[in-house]
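Asks: So that we are looking at the same thing, I have put the structure below in structure tokens.
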Amino acid sequence: MAATEPLTKPLATARHDWTMQEARALFELPFNDLMFRAQSVHRENFDPNEVQVSTLLSIKTGACPEDCKYCPQSGHYNTGLDKEKLLEIEKVVAEAKAAKEKGASRFCMGAAWRSPSKKDMGYVVDMVKQVKSLGLETCMTLGMLEQEQADELAEAGLDYYNHNLDTSEKYYSHIITTRTYQDRLDTLDNVRKAGMKVCCGGIVGMGEDPDDRVGLLVQLANLPQQPESVPVNMLVKVPGTPMEDVEDLDPFDFIRTIAVARIMMPASHVRLSAGREEMNEQMQSLCFLAGANSIFYGEKLLTTANPQADADMALFRRLGIRPEEREQAHPEEAEEEALAEAVEYEQNRHLFYDATQESA
């Protein structure tokens with residue numbers, strides 16, 4: 001396939017019955033074999049020289065009641081982070097316009113909440129409508145959602161909802177105690193029922209063992225409908241958090257995680273997310289070769305540093321990569337697509353196979 005030839009739909013059929021043993025076998029492949037297989041899957045489903053570009057804005061920073069051990073926004077830790085109230089809608093729209101001018105096709109908004117309050121829902125719904133009117137895809141991460149809240153965001157036109165699983169179910173209680181793994185799965189279920197797309201991934205390098213990385217990807221791949229976007233984050237060690245002194249992850253283990261995610265979730269955008277500030281150009285390039293085809297760019301990812309947009313574009317030019325352009329859909333087509341996805345999700349729920357419960 002020529003590099004410029006567009007693909008209208010994925011060619012691979014996503015599986016929802018991955019076993020831990022199968023996923024372990026992928027991680028254990030010789031590195032070159034794994035990279036070749038991942039790149040082959042990638043080329044079957046995407047233009048290999050296009051990367052989707054998103055910008056992330058913190059619309060409410062700090063004082064979160066959750067105790068996620070990696071997060072500087074948690075109110076449980078003293079990280080020196082200034083607490084901020086919910087941003088004014090005008091400021092959010094101005095940031096979205098600037099992001100679009102720099103080449104972003106999706107604008108993501110994150111708030112440090114356990115879940116949005118009824119009072120705040122009106123503001124975030126208006127944010128969605130105004131950002132979407134700029135021609136950008138919209139994404140939000142606001143914590144846990146009840147079904148009514150998910151429906152309200154969907155009706156406002158929200159395209160994606162981000163809610164990461166973070167790690168395997170087995171390791172989860174070592175990272176977070178203020179909400180359960182099932183709470184996260186329930187929010188994903190509510191988002192799907194509302195007809196929105198899902199952005200869901202995790203963080204590696206938090207002291208987990210290799211089987212936890214296997215378990216995370218098996219859990220994601222075996223969801224009734226695989227996430228459209230799968231962010232793979234490398235831990236950013238923030239002073240003041242319980243994970244500030246965790247041992248560094250081997251870069252090759254991170255790249256392997258990207259490659260296995262691409263093979264197991266062939267139609268998903270795999271996002272090279274937090275931690276890029278610590279990656280040199282060669283490591284990022286290997287991640288793109290492994291099948292990563294989405295990035296956040298801009299100065300910050302919520303509260304941690306991220307490579308400058310100009311540096312990203314310079315690397316893109318050196319690699320012959322171009323930003324993926326968003327296909328504009330008419331409102332009627334978007335509504336029909338959302339309805340079809342919600343129906344498909346309900347039809348496929350019985351296919352879910354929780355392979356993480358296998359014995360080792």
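Each chain in the structure tokens gets a letter, A, B and so on, in the order shown; residues start at 1 in every chain, and ligands are counted from 1 in the order they appear.
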Report as a tab-separated table the residues of segment 236-314 of chain A within 12 Å of segment 174-190 of chain A, each with its shortest atom pair and distance in Å (one decimal), using only C-alpha atoms, ordered by chain and increasing residue number.
Replies:
residue	atom	partner	partner_atom	distance
A:Thr241	CA	A:Ile175	CA	11.2
A:Pro242	CA	A:Ile175	CA	9.3
A:Met243	CA	A:Ile175	CA	9.3
Asks: Quick one: pick out all strand (DSSP E) residues within segment 91-178 of chain A from a backbone DSSP run and write them as a list of chain:residue names.
Replies: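 Taking segment 91-178 of chain A and keeping strand (DSSP E) gives A:Arg106, A:Phe107, A:Cys108, A:Met109, A:Gly110, A:Ala111, A:Glu137, A:Thr138, A:Cys139, A:Met140, A:Thr141, A:Tyr160, A:Tyr161, A:Asn162.
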Asks: Would you export the selected residues with C-alpha atoms as a short mmCIF file (atom, residue, chain, number, x, y, z; two decimals), in the first residue's frame, please?
Replies:
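For reference, result_2.cif as written:
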data_model
loop_
_atom_site.label_atom_id
_atom_site.label_comp_id
_atom_site.auth_asym_id
_atom_site.auth_seq_id
_atom_site.Cartn_x
_atom_site.Cartn_y
_atom_site.Cartn_z
CA ARG A 106 -8.60 16.42 19.15
CA PHE A 107 -8.87 18.54 22.28
CA CYS A 108 -8.92 16.73 25.59
CA MET A 109 -10.05 18.30 28.86
CA GLY A 110 -9.22 16.82 32.25
CA ALA A 111 -10.52 17.67 35.73
CA GLU A 137 -12.89 16.18 18.23
CA THR A 138 -13.63 16.42 21.95
CA CYS A 139 -12.47 14.22 24.81
CA MET A 140 -12.91 14.57 28.57
CA THR A 141 -11.64 12.83 31.68
CA TYR A 160 -14.38 10.40 23.57
CA TYR A 161 -14.29 9.76 27.29
CA ASN A 162 -10.96 8.89 28.90
#
Asks: Between A:Gln284, A:Gln130, A:Gln219, A:Gln149, which residue has the minimum interatomic distance to Lys170 of chain A, considering only C-alpha atoms?
Replies: A:Gln219
Asks: Counting only C-alpha atoms, figure out which residue out of A:Ile89, A:Arg262, A:Cys68, A:Leu136 gets nearest to Ile203 of chain A.
Replies: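 Looking at the shortest contact to Ile203 of chain A, the residue is A:Cys68.
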Asks: Using only C-alpha atoms, which protein or nucleic acid residues come within 9 Å of Thr55 of chain A? Drop anything in the same chain fewer than 3 positions from it, and give the result as a PyMOL selection string.
Replies: chain A and resi 96+99-100+104-109+295-298+300-301
Asks: Which neighbours of Pro116 of chain A fall inside 10 Å, counting only C-alpha atoms, when residues of the same chain fewer than 5 positions from it are skipped, and could you give them as a list in words?
Replies: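 These residues fall inside the cut-off: Ala111, Met121, Val124, Thr141, Leu142, Gly143, Met144, Leu145, Glu146 and Gln149 of chain A.
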Asks: Could you check the closest approach to Leu235 of chain A for each of A:Gly215, A:Pro210, A:Gly122, A:Gly205 and tell me which residue wins, using only C-alpha atoms?
Replies: A:Gly205
Asks: Rounded to one decimal place, report the atom CA of Val232 of chain A-atom CA of Ser173 of chain A distance in Å.
Replies: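 Atom-to-atom, atom CA of Val232 of chain A and atom CA of Ser173 of chain A are spaced 19.6 Å apart.
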Asks: Pick from A:Tyr172, A:Phe46, A:Tyr70, A:Phe254: nearest to Gly240 of chain A, with only C-alpha atoms counted?
Replies: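 Counting only C-alpha atoms, the residue closest to Gly240 of chain A is A:Tyr70.
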Asks: From the options A:Gln52, A:Ser168, A:Thr19, A:Gln226, which residue's atoms come nearest to Leu272 of chain A, counting only C-alpha atoms?
Replies: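 Closest residue, counting only C-alpha atoms: A:Gln52.
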